[in-house]
Amino acid sequence: MALGCLLALSVCSSDALAGIAPDRTRLIITGSDRSASANLVNTSPDVPFLAQAWVEDDSGKKITAPLVVLPPLQRINGGQKGVARVTKTDGIHSLPQDRESLFYLNIREIPPRPDKPNVLQLAMQSRIKLFYRPTAIIPAHRGDVWQNKVVFHKRGNQFIADNPTPYYITVLGLSRKMEREGGGKLTTFPGTMIAPRSSLEIKVIDPSVSSFVMMYVNDYGGHPELKYRCAGPTCTALPMEQQPR
């Protein structure tokens with residue numbers, strides 16, 4: 001019996017290394033887009049999988065409006081790609097038009113039925129952030145930076161991060177120095193998201209620092225860094241000409 005469990009877990013672990021994976025960590029659909037797509041890759045060289053896709057709102061509730069993903073179910077052969085296409089429905093205009101709205105795109109793989117008995121299978125699921133960005137706040141230029149508008153206010157052993165922008169901003173962490181200079185983490189969270197025009201409390205290891213670096217996630221899933229300097233209890237980003245390139 002113990003041997004049978006070990007064999008089952010061994011097969012399960014092997015299968016878990018392959019399956020359906022999206023090609024990005026976030027997807028943005030704008031007010032001027034008809035749709036936005038994520039490529040789905042079957043990382044198994046020879047095993048076909050079904051890919052089930054759906055959209056959730058910011059509370060995790062499955063929805064079919066104002067965004068829907070098509071097709072909801074598709075077969076992707078080994079080593080091949082599929083596409084999950086998010087489209088807008090008539091209810092899109094009910095969303096705020098002066099700020100982003102947050103949703104989640106879910107992709108669940110469904111493996112083929114095993115041809116061996118007593119095999120435990122796991123269906124892996126990916127969940128990526130899906131943002132609706134209204135036409136009024138589409139950046140004028142590709143690659144524009146708005147994350148430098150975040151202002152940090154020192155309060156006891158924490159910072160209050162103030163996001164005055166209409167965008168969701170994902171902060172991966174704060175460090176004493178840039179990553180290539182050795183880092184030196186001031187935060188312990190793996191990442192946190194600040195909603196548009198809102199504030200968030202962030203615990204820091206050393207609130208007495210006079211300068212630090214913020215790592216964030218941009219539209220393309222990259223992890224750029226911004227340098228900050230503190231004047232009293234308020235910390236703001238350095239001018240863009242003084243930022244790392």
# chains A, B, ... in the order shown; residues from 1 in each chain; ligands from 1
>>> residues_around(residues="Arg85 of chain A", least_positions_apart="5", cutoff="7 Å", atoms="only C-alpha atoms", output="ChimeraX atom specification")
/A:35-38,69-70
>>> write_last_selection(atoms="C-alpha atoms", output="compact mmCIF listing (two decimals), in the first residue's frame")
# COMPACT_ATOMS: atom_id res chain seq x y z
CA SER A 35 -10.52 42.31 -26.78
CA ALA A 36 -7.27 41.28 -25.07
CA SER A 37 -5.63 37.88 -25.28
CA ALA A 38 -3.30 35.64 -23.32
CA VAL A 69 -13.35 34.89 -21.81
CA LEU A 70 -13.70 32.79 -24.95
>>> residues_around(residues="Glu241 of chain A", least_positions_apart="3", cutoff="12 Å", atoms="only C-alpha atoms", output="list of chain:residue names")
A:Leu226, A:Lys227, A:Ala237, A:Leu238, A:Pro244, A:Arg245
>>> residues_around(residues="Asp90 of chain A", least_positions_apart="5", cutoff="10 Å", atoms="only C-alpha atoms", output="list in words")
Ala65, Pro66 and Leu67 of chain A
>>> write_last_selection(atoms="all heavy atoms", output="short mmCIF file (atom, residue, chain, number, x, y, z; two decimals), in the first residue's frame")
data_model
loop_
_atom_site.label_atom_id
_atom_site.label_comp_id
_atom_site.auth_asym_id
_atom_site.auth_seq_id
_atom_site.Cartn_x
_atom_site.Cartn_y
_atom_site.Cartn_z
N ALA A 65 -20.06 38.95 -17.17
CA ALA A 65 -20.21 40.34 -17.59
C ALA A 65 -19.63 41.22 -16.47
O ALA A 65 -19.70 40.86 -15.30
CB ALA A 65 -21.69 40.69 -17.83
N PRO A 66 -19.00 42.36 -16.82
CA PRO A 66 -18.88 42.96 -18.14
C PRO A 66 -17.70 42.44 -18.97
O PRO A 66 -17.41 42.98 -20.02
CB PRO A 66 -18.70 44.43 -17.81
CG PRO A 66 -17.93 44.41 -16.52
CD PRO A 66 -18.47 43.23 -15.76
N LEU A 67 -17.01 41.42 -18.47
CA LEU A 67 -15.93 40.80 -19.21
C LEU A 67 -16.19 39.30 -19.26
O LEU A 67 -16.63 38.70 -18.28
CB LEU A 67 -14.56 41.07 -18.57
CG LEU A 67 -14.09 42.52 -18.54
CD1 LEU A 67 -12.78 42.63 -17.75
CD2 LEU A 67 -13.90 43.07 -19.94
#
>>> residues_around(residues="Pro72 of chain A", least_positions_apart="3", cutoff="9 Å", atoms="only C-alpha atoms", output="list in words")
Ala51, Gln52, Ala53, Trp54, Val68, Val69 and Ala84 of chain A
>>> write_last_selection(atoms="C-alpha atoms", output="PDB file, in the first residue's frame")
ATOM      1  CA  ALA A  51      -7.940  24.353 -20.720  1.00  0.00           C
ATOM      2  CA  GLN A  52     -10.918  25.795 -18.873  1.00  0.00           C
ATOM      3  CA  ALA A  53     -11.034  29.596 -18.577  1.00  0.00           C
ATOM      4  CA  TRP A  54     -13.242  32.055 -16.711  1.00  0.00           C
ATOM      5  CA  VAL A  68     -16.064  37.257 -20.556  1.00  0.00           C
ATOM      6  CA  VAL A  69     -13.353  34.892 -21.807  1.00  0.00           C
ATOM      7  CA  ALA A  84      -7.800  32.848 -24.101  1.00  0.00           C
TER       8      ALA A  84
END
>>> select_by_dssp(residues="segment 10-105 of chain A", states="strand (DSSP E)", output="JSON, numbers by chain")
{"A": [20, 21, 22, 26, 27, 28, 29, 30, 35, 36, 37, 38, 39, 40, 41, 42, 49, 50, 51, 52, 53, 54, 55, 56, 57, 62, 63, 67, 68, 69, 70, 73, 74, 75, 76, 81, 82, 83, 84, 85, 86, 87, 88, 101, 102, 103, 104, 105]}
>>> atom_distance(atom1="atom CA of Ser198 of chain A", atom2="atom CA of Ile169 of chain A")
10.4 Å
>>> residues_around(residues="Arg127 of chain A", least_positions_apart="2", cutoff="9 Å", atoms="only C-alpha atoms", output="list of chain:residue names")
A:Thr25, A:Tyr104, A:Leu105, A:Asn106, A:Ile107, A:Arg108, A:Gln125, A:Lys129
>>> closest_atom_pairs(of="segment 20-125 of chain A", to="segment 135-150 of chain A", cutoff="10 Å", atoms="only C-alpha atoms", output="tab-separated table")
residue	atom	partner	partner_atom	distance
A:Thr30	CA	A:Thr135	CA	6.3
A:Gly31	CA	A:Thr135	CA	4.5
A:Ser32	CA	A:Thr135	CA	6.0
A:Asp33	CA	A:Thr135	CA	9.1
A:Gln97	CA	A:Ala136	CA	6.9
A:Asp98	CA	A:Ala136	CA	6.6
A:Arg99	CA	A:Ile137	CA	7.0
A:Glu100	CA	A:Ile137	CA	8.3
>>> select_by_dssp(residues="segment 7-219 of chain A", states="alpha helix (DSSP H)", output="ChimeraX atom specification")
/A:7-16
>>> residues_around(residues="Ala123 of chain A", least_positions_apart="5", cutoff="9 Å", atoms="only C-alpha atoms", output="list in words")
Ala16, Gly19, Arg108, Glu109, Ile110 and Pro111 of chain A
>>> atom_distance(atom1="atom CA of His93 of chain A", atom2="atom CA of Ala161 of chain A")
29.8 Å
>>> residues_around(residues="segment 78-80 of chain A", least_positions_apart="3", cutoff="8 Å", atoms="only C-alpha atoms", output="list in words")
Val41, Asn42, Thr43, Ser44, Pro45, Asp46, Val47, Pro48 and Phe49 of chain A
>>> atom_distance(atom1="atom CA of Ile63 of chain A", atom2="atom CA of Ile28 of chain A")
17.2 Å
>>> closest_residue(among="A:Leu73, A:Val55, A:Ala231, A:Ile92", to="Phe152 of chain A", atoms="only C-alpha atoms")
A:Ala231
